Amino acid sequence: MTSSATTVKRSDLVTDVVASSLPTGDVFALTAALVDIASESFNEQEIVAVIEAELRACPHLTVDRIGDNLIARTMLGRDRRLVLGGHTDTVPANGNAGARIEGDRMYGVGTSDMKGGLATMLELARTVTEPAIDLTYVFYAREEVAVIHNGLREIEAERPDLLDGDVALLGEPTLGTLEAGCQGTLRVEVTLQGARAHTARPWMGRNAIHRLGELLAIVEAYEA
């Protein structure tokens, strides 16, 4: 009963939060403001509402919302487009909710992964009105959980054109360096046959588990 009441109160607060503007011109302060908005996976509605209000206040941006995912674009007819992306969710807070600043360092769940990146994206979205190339800002939900829940899948299913671009840059923490790569998995289901035998005469059978070990060795040795 207490939990339900808390949820209702939190939902009612969204309007008040949206009505108050986030810091401008100071990415550090903006990061702290975003960290102060709890957004564990599947509970990102509040931070999404705040970011959406900021984006829709920018006349130079076209804003689309799909589920809890936001896509803001400049539509200047440039010959190239850069996609900037970042996820709005965090891992569970475990008592680390809220920003804590000590000197020039900030602590708190999501500080580096990746509300610092979101703050940078949001500041660029609000202030860069005439970029040399068109820009797409993608704020997507549920990255910290199983890929089946990832908000990018929703966008891809409903409006894949919103993800079009020549280059994509994600604001994940990389110690300030550029890293080239992609996330991908190949999932297969393998059935290996064996032959039963008495434990005292294993040579008369075939151990499927041992055969799996051979397969894993082949996969480990594979180089693309």
# chains A, B, ... in the order shown; residues from 1 in each chain; ligands from 1

call {"tool": "residues_around", "arguments": {"residues": "segment 116-128 of chain A", "least_positions_apart": "5", "cutoff": "6 Å", "atoms": "only C-alpha atoms", "output": "list in words"}}
result
Val27, Leu30, Thr31, Thr111 and Gly171 of chain A

call {"tool": "select_by_dssp", "arguments": {"residues": "segment 49-136 of chain A", "states": "strand (DSSP E)", "output": "ChimeraX atom specification"}}
result
/A:62-66,69-73,81-87,100-102,105-107,134-136

call {"tool": "residues_around", "arguments": {"residues": "segment 47-52 of chain A", "least_positions_apart": "5", "cutoff": "12 Å", "atoms": "only C-alpha atoms", "output": "NGL selection string"}}
result
:A and (10-11 or 13-23 or 30 or 33-42 or 57-58 or 61-72 or 87-90 or 115 or 118-119 or 121-123 or 125-126 or 137-142)

call {"tool": "atom_distance", "arguments": {"atom1": "atom CA of Gly213 of chain A", "atom2": "atom CA of Val145 of chain A"}}
result
29.3 Å

call {"tool": "atom_distance", "arguments": {"atom1": "atom CA of Ile133 of chain A", "atom2": "atom CA of Ala168 of chain A"}}
result
12.8 Å

call {"tool": "closest_residue", "arguments": {"among": "A:Glu44, A:Ala29, A:Leu212, A:Glu189", "to": "Ile101 of chain A", "atoms": "only C-alpha atoms"}}
result
A:Ala29

call {"tool": "decode", "arguments": {"residues": "segment 175-214 of chain A", "atoms": "C-alpha atoms", "output": "PDB file, in the first residue's frame"}}
result
ATOM      1  CA  LEU A 175      38.030   7.757 -20.712  1.00  0.00           C
ATOM      2  CA  GLY A 176      37.649  10.515 -23.264  1.00  0.00           C
ATOM      3  CA  THR A 177      38.903   8.480 -26.217  1.00  0.00           C
ATOM      4  CA  LEU A 178      37.137   7.405 -29.387  1.00  0.00           C
ATOM      5  CA  GLU A 179      36.511   3.677 -29.689  1.00  0.00           C
ATOM      6  CA  ALA A 180      35.409   2.060 -32.916  1.00  0.00           C
ATOM      7  CA  GLY A 181      33.209  -0.969 -32.669  1.00  0.00           C
ATOM      8  CA  CYS A 182      29.735  -2.413 -32.559  1.00  0.00           C
ATOM      9  CA  GLN A 183      27.645  -4.569 -30.310  1.00  0.00           C
ATOM     10  CA  GLY A 184      26.491  -7.834 -31.756  1.00  0.00           C
ATOM     11  CA  THR A 185      25.910 -11.441 -30.876  1.00  0.00           C
ATOM     12  CA  LEU A 186      25.451 -14.646 -32.793  1.00  0.00           C
ATOM     13  CA  ARG A 187      23.206 -17.056 -30.960  1.00  0.00           C
ATOM     14  CA  VAL A 188      22.918 -20.664 -32.009  1.00  0.00           C
ATOM     15  CA  GLU A 189      21.352 -23.734 -30.486  1.00  0.00           C
ATOM     16  CA  VAL A 190      23.574 -26.782 -30.738  1.00  0.00           C
ATOM     17  CA  THR A 191      22.588 -30.375 -30.023  1.00  0.00           C
ATOM     18  CA  LEU A 192      25.429 -32.879 -29.692  1.00  0.00           C
ATOM     19  CA  GLN A 193      24.633 -36.562 -29.723  1.00  0.00           C
ATOM     20  CA  GLY A 194      26.177 -38.981 -27.287  1.00  0.00           C
ATOM     21  CA  ALA A 195      25.934 -42.673 -26.536  1.00  0.00           C
ATOM     22  CA  ARG A 196      25.150 -44.042 -23.099  1.00  0.00           C
ATOM     23  CA  ALA A 197      27.534 -46.397 -21.376  1.00  0.00           C
ATOM     24  CA  HIS A 198      28.126 -47.757 -17.912  1.00  0.00           C
ATOM     25  CA  THR A 199      30.382 -45.556 -15.770  1.00  0.00           C
ATOM     26  CA  ALA A 200      32.722 -48.492 -15.375  1.00  0.00           C
ATOM     27  CA  ARG A 201      33.093 -48.743 -19.173  1.00  0.00           C
ATOM     28  CA  PRO A 202      33.022 -45.143 -20.468  1.00  0.00           C
ATOM     29  CA  TRP A 203      35.013 -46.101 -23.566  1.00  0.00           C
ATOM     30  CA  MET A 204      31.975 -47.988 -24.776  1.00  0.00           C
ATOM     31  CA  GLY A 205      29.946 -44.777 -24.993  1.00  0.00           C
ATOM     32  CA  ARG A 206      30.369 -41.239 -26.275  1.00  0.00           C
ATOM     33  CA  ASN A 207      30.286 -38.277 -23.879  1.00  0.00           C
ATOM     34  CA  ALA A 208      28.306 -35.379 -25.380  1.00  0.00           C
ATOM     35  CA  ILE A 209      29.727 -32.969 -22.787  1.00  0.00           C
ATOM     36  CA  HIS A 210      33.270 -33.783 -23.868  1.00  0.00           C
ATOM     37  CA  ARG A 211      32.241 -33.190 -27.464  1.00  0.00           C
ATOM     38  CA  LEU A 212      30.938 -29.768 -26.438  1.00  0.00           C
ATOM     39  CA  GLY A 213      34.391 -28.994 -25.065  1.00  0.00           C
ATOM     40  CA  GLU A 214      35.851 -29.706 -28.492  1.00  0.00           C
TER      41      GLU A 214
END
